[in-house]
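**Student:** One file is attached below, run_34.cif, containing mmCIF, C-alpha atoms.
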data_data
loop_
_atom_site.group_PDB
_atom_site.id
_atom_site.type_symbol
_atom_site.label_atom_id
_atom_site.label_comp_id
_atom_site.auth_asym_id
_atom_site.auth_seq_id
_atom_site.Cartn_x
_atom_site.Cartn_y
_atom_site.Cartn_z
ATOM 1 C CA MET A 28 -19.859 -35.339 -23.079
ATOM 2 C CA LYS A 29 -16.465 -36.622 -21.967
ATOM 3 C CA TYR A 30 -14.877 -33.412 -23.231
ATOM 4 C CA LEU A 31 -16.842 -31.499 -20.544
ATOM 5 C CA GLN A 32 -14.900 -33.383 -17.890
ATOM 6 C CA LEU A 33 -11.659 -32.133 -19.426
ATOM 7 C CA LEU A 34 -12.800 -28.506 -19.613
ATOM 8 C CA PRO A 35 -11.477 -27.456 -16.153
ATOM 9 C CA ILE A 36 -8.073 -28.975 -16.901
ATOM 10 C CA LEU A 37 -7.890 -27.444 -20.379
ATOM 11 C CA SER A 38 -8.820 -24.008 -19.049
ATOM 12 C CA VAL A 39 -5.620 -23.935 -16.955
ATOM 13 C CA PHE A 40 -3.575 -24.328 -20.130
ATOM 14 C CA ALA A 41 -5.769 -22.119 -22.290
ATOM 15 C CA PHE A 42 -5.884 -19.264 -19.746
ATOM 16 C CA PRO A 43 -2.666 -19.552 -17.689
ATOM 17 C CA THR A 44 -2.740 -15.949 -16.482
ATOM 18 C CA MET A 45 -6.012 -16.545 -14.713
ATOM 19 C CA SER A 46 -4.567 -19.399 -12.691
ATOM 20 C CA VAL A 47 -1.583 -17.361 -11.489
ATOM 21 C CA ALA A 48 -3.339 -14.032 -10.857
ATOM 22 C CA GLN A 49 -1.439 -11.811 -8.445
ATOM 23 C CA TYR A 50 -3.374 -9.903 -5.810
ATOM 24 C CA PRO A 51 -1.976 -6.824 -4.071
ATOM 25 C CA ILE A 52 -0.304 -7.363 -0.744
ATOM 26 C CA ILE A 53 -1.124 -4.773 1.920
ATOM 27 C CA PHE A 54 1.062 -4.118 4.941
ATOM 28 C CA ASN A 55 0.316 -1.593 7.636
ATOM 29 C CA HIS A 56 1.986 -0.192 10.724
ATOM 30 C CA VAL A 57 1.200 2.428 13.320
ATOM 31 C CA LYS A 58 3.268 4.947 15.207
ATOM 32 C CA TYR A 59 2.354 6.799 18.366
ATOM 33 C CA ILE A 60 2.642 10.577 18.085
ATOM 34 C CA SER A 61 2.274 13.680 20.220
ATOM 35 C CA MET A 62 1.697 16.396 17.646
ATOM 36 C CA SER A 63 -1.259 18.335 16.314
ATOM 37 C CA GLN A 64 -3.390 17.050 13.453
ATOM 38 C CA ASP A 65 -2.154 19.845 11.156
ATOM 39 C CA THR A 66 1.493 19.064 11.946
ATOM 40 C CA CYS A 67 0.895 15.361 11.374
ATOM 41 C CA ILE A 68 -0.767 15.987 7.996
ATOM 42 C CA SER A 69 2.100 18.252 6.887
ATOM 43 C CA ARG A 70 4.633 15.669 7.993
ATOM 44 C CA SER A 71 2.761 12.865 6.213
ATOM 45 C CA GLU A 72 2.899 14.809 2.937
ATOM 46 C CA GLU A 73 6.656 15.333 3.329
ATOM 47 C CA VAL A 74 7.267 11.683 4.240
ATOM 48 C CA VAL A 75 5.316 10.279 1.304
ATOM 49 C CA LYS A 76 7.370 12.378 -1.117
ATOM 50 C CA GLU A 77 10.650 11.733 0.717
ATOM 51 C CA ALA A 78 10.065 7.971 0.549
ATOM 52 C CA GLY A 79 9.744 8.236 -3.239
ATOM 53 C CA PHE A 80 5.954 7.922 -3.545
ATOM 54 C CA ASP A 81 5.647 11.129 -5.523
ATOM 55 C CA LYS A 82 3.774 9.814 -8.575
ATOM 56 C CA ASN A 83 0.028 10.522 -8.338
ATOM 57 C CA PHE A 84 0.767 12.264 -5.033
ATOM 58 C CA GLU A 85 -2.369 13.459 -3.337
ATOM 59 C CA PRO A 86 -2.731 15.317 -0.044
ATOM 60 C CA LEU A 87 -5.714 13.964 1.852
ATOM 61 C CA ARG A 88 -7.960 15.481 4.486
ATOM 62 C CA SER A 89 -6.215 13.383 7.143
ATOM 63 C CA GLY A 90 -2.870 12.502 5.541
ATOM 64 C CA ALA A 91 -1.348 11.748 2.152
ATOM 65 C CA PHE A 92 -1.281 9.195 -0.671
ATOM 66 C CA GLY A 93 1.335 8.441 -3.320
ATOM 67 C CA VAL A 94 2.539 5.877 -5.840
ATOM 68 C CA ASN A 95 6.002 4.510 -6.608
ATOM 69 C CA GLY A 96 5.987 1.987 -9.462
ATOM 70 C CA SER A 97 3.642 -0.882 -8.550
ATOM 71 C CA TYR A 98 3.385 0.218 -4.909
ATOM 72 C CA SER A 99 1.141 2.779 -3.257
ATOM 73 C CA VAL A 100 1.282 4.293 0.208
ATOM 74 C CA SER A 101 -1.297 5.902 2.424
ATOM 75 C CA VAL A 102 -0.515 7.774 5.629
ATOM 76 C CA ARG A 103 -3.461 8.668 7.865
ATOM 77 C CA CYS A 104 -3.247 10.891 10.920
ATOM 78 C CA GLU A 105 -5.410 10.557 14.010
ATOM 79 C CA ALA A 106 -3.569 13.001 16.250
ATOM 80 C CA THR A 107 -6.444 13.299 18.720
ATOM 81 C CA LYS A 108 -5.905 9.608 19.443
ATOM 82 C CA GLY A 109 -2.106 10.013 19.324
ATOM 83 C CA ILE A 110 -1.550 7.694 16.374
ATOM 84 C CA VAL A 111 -0.614 7.717 12.687
ATOM 85 C CA PHE A 112 -1.352 4.785 10.338
ATOM 86 C CA PHE A 113 0.842 3.666 7.439
ATOM 87 C CA ALA A 114 -0.231 1.282 4.676
ATOM 88 C CA VAL A 115 1.647 0.087 1.591
ATOM 89 C CA ALA A 116 0.068 -2.042 -1.138
ATOM 90 C CA GLY A 117 1.841 -3.804 -3.985
ATOM 91 C CA PRO A 118 2.540 -7.110 -5.717
ATOM 92 C CA ASP A 119 5.448 -8.416 -3.617
ATOM 93 C CA ASN A 120 5.139 -9.404 0.030
ATOM 94 C CA LYS A 121 8.699 -8.633 1.135
ATOM 95 C CA THR A 122 8.945 -5.350 -0.766
ATOM 96 C CA ALA A 123 5.624 -4.049 0.581
ATOM 97 C CA SER A 124 6.669 -4.966 4.112
ATOM 98 C CA ASN A 125 10.037 -3.213 3.739
ATOM 99 C CA LEU A 126 8.451 -0.106 2.234
ATOM 100 C CA VAL A 127 5.895 0.341 5.017
ATOM 101 C CA ARG A 128 8.668 0.041 7.621
ATOM 102 C CA ARG A 129 10.751 2.560 5.691
ATOM 103 C CA VAL A 130 7.905 5.097 5.574
ATOM 104 C CA GLN A 131 7.272 4.607 9.284
ATOM 105 C CA LYS A 132 10.960 5.199 10.114
ATOM 106 C CA ILE A 133 11.120 8.365 7.997
ATOM 107 C CA PHE A 134 8.078 9.759 9.796
#
How does the structure come out when it is put into structure tokens?
**Tutor:**
Amino acid sequence: MKYLQLLPILSVFAFPTMSVAQYPIIFNHVKYISMSQDTCISRSEEVVKEAGFDKNFEPLRSGAFGVNGSYSVSVRCEATKGIVFFAVAGPDNKTASNLVRRVQKIF
């Protein structure tokens, strides 16, 4: 029965990848706009590609989505409210933060 007390400790060594699992980091920003919904959607598609997120690119009903390596971006337009949302997800905090700012600047 004493070996049951050691089981949690042994599991860290037996399954090290489980103890250091990496979860995606998500950063988002907004930008205020004064354009139509159609113009915003067209611009979001251009921006996603221009920022290098052209793998698995997908135009969406209200924006665009794309992938670049381990990072993905989503741009969502809400022109009637005068705003566009940007979100980048990926494994590294600093890189995801820099990428979402970059996409926002390009827009």
**Student:** Could you check which of A:Asn83, A:Ser61, A:Asn55, A:Ser89 is closest to Leu126 (chain A), using all atoms listed in the file?
**Tutor:**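 Among the listed residues, A:Asn55 lies closest to Leu126 (chain A).
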**Student:** Calculate how many Å separate CA of Glu85 (chain A) from CA of Tyr98 (chain A), rounding to one decimal.
**Tutor:**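 Distance reported for this atom pair: 14.5 Å.
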**Student:** I want to know what sits within 8 Å of Lys58 (chain A), based on only C-alpha atoms, with residues of the same chain fewer than 3 positions away left out; could you give that as a list of chain:residue names?
**Tutor:**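 Residues meeting the cut-off are A:Ile110, A:Val111, A:Phe112, A:Gln131.
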**Student:** Could you write out that same residue set with C-alpha atoms as an mmCIF file, in the coordinates of the input?
**Tutor:**
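Dumped everything to selection_29.cif:
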data_model
loop_
_atom_site.group_PDB
_atom_site.id
_atom_site.type_symbol
_atom_site.label_atom_id
_atom_site.label_comp_id
_atom_site.auth_asym_id
_atom_site.auth_seq_id
_atom_site.Cartn_x
_atom_site.Cartn_y
_atom_site.Cartn_z
ATOM 1 C CA ILE A 110 -1.550 7.694 16.374
ATOM 2 C CA VAL A 111 -0.614 7.717 12.687
ATOM 3 C CA PHE A 112 -1.352 4.785 10.338
ATOM 4 C CA GLN A 131 7.272 4.607 9.284
#
**Student:** Give me, please, the distance in Å between CA of Ile53 (chain A) and CA of Asp65 (chain A), quoted to one decimal.
**Tutor:**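 Atom-to-atom, CA of Ile53 (chain A) to CA of Asp65 (chain A), that is 26.3 Å.
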**Student:** Can you measure CA of Gly96 (chain A) to CA of Glu73 (chain A) for me? One decimal in Å is fine.
**Tutor:** 18.5 Å
**Student:** Evaluate the PyMOL selection byres ((chain A and resi 105) around 10) here and jot the selected residues down as a list in words.
**Tutor:** Tyr59, Ile60, Met62, Ser63, Gln64, Cys67, Ile68, Ser89, Gly90, Arg103, Cys104, Ala106, Thr107, Lys108, Gly109, Ile110, Val111 and Phe112 of chain A
**Student:** Restricting the output to C-alpha atoms, write the selected residues as a PDB file, in the frame of the given file.
**Tutor:**
ATOM      1  CA  TYR A  59       2.354   6.799  18.366  1.00  0.00           C
ATOM      2  CA  ILE A  60       2.642  10.577  18.085  1.00  0.00           C
ATOM      3  CA  MET A  62       1.697  16.396  17.646  1.00  0.00           C
ATOM      4  CA  SER A  63      -1.259  18.335  16.314  1.00  0.00           C
ATOM      5  CA  GLN A  64      -3.390  17.050  13.453  1.00  0.00           C
ATOM      6  CA  CYS A  67       0.895  15.361  11.374  1.00  0.00           C
ATOM      7  CA  ILE A  68      -0.767  15.987   7.996  1.00  0.00           C
ATOM      8  CA  SER A  89      -6.215  13.383   7.143  1.00  0.00           C
ATOM      9  CA  GLY A  90      -2.870  12.502   5.541  1.00  0.00           C
ATOM     10  CA  ARG A 103      -3.461   8.668   7.865  1.00  0.00           C
ATOM     11  CA  CYS A 104      -3.247  10.891  10.920  1.00  0.00           C
ATOM     12  CA  ALA A 106      -3.569  13.001  16.250  1.00  0.00           C
ATOM     13  CA  THR A 107      -6.444  13.299  18.720  1.00  0.00           C
ATOM     14  CA  LYS A 108      -5.905   9.608  19.443  1.00  0.00           C
ATOM     15  CA  GLY A 109      -2.106  10.013  19.324  1.00  0.00           C
ATOM     16  CA  ILE A 110      -1.550   7.694  16.374  1.00  0.00           C
ATOM     17  CA  VAL A 111      -0.614   7.717  12.687  1.00  0.00           C
ATOM     18  CA  PHE A 112      -1.352   4.785  10.338  1.00  0.00           C
TER      19      PHE A 112
END
**Student:** With a distance cut-off of 9 Å and only C-alpha atoms, select the neighbouring residues of Ala123 (chain A), excluding the residue or stretch itself and same-chain residues fewer than 5 positions from it, and output the selection as an MDAnalysis selection string.
**Tutor:** chainID A and resid 52:54 98 114:118 128
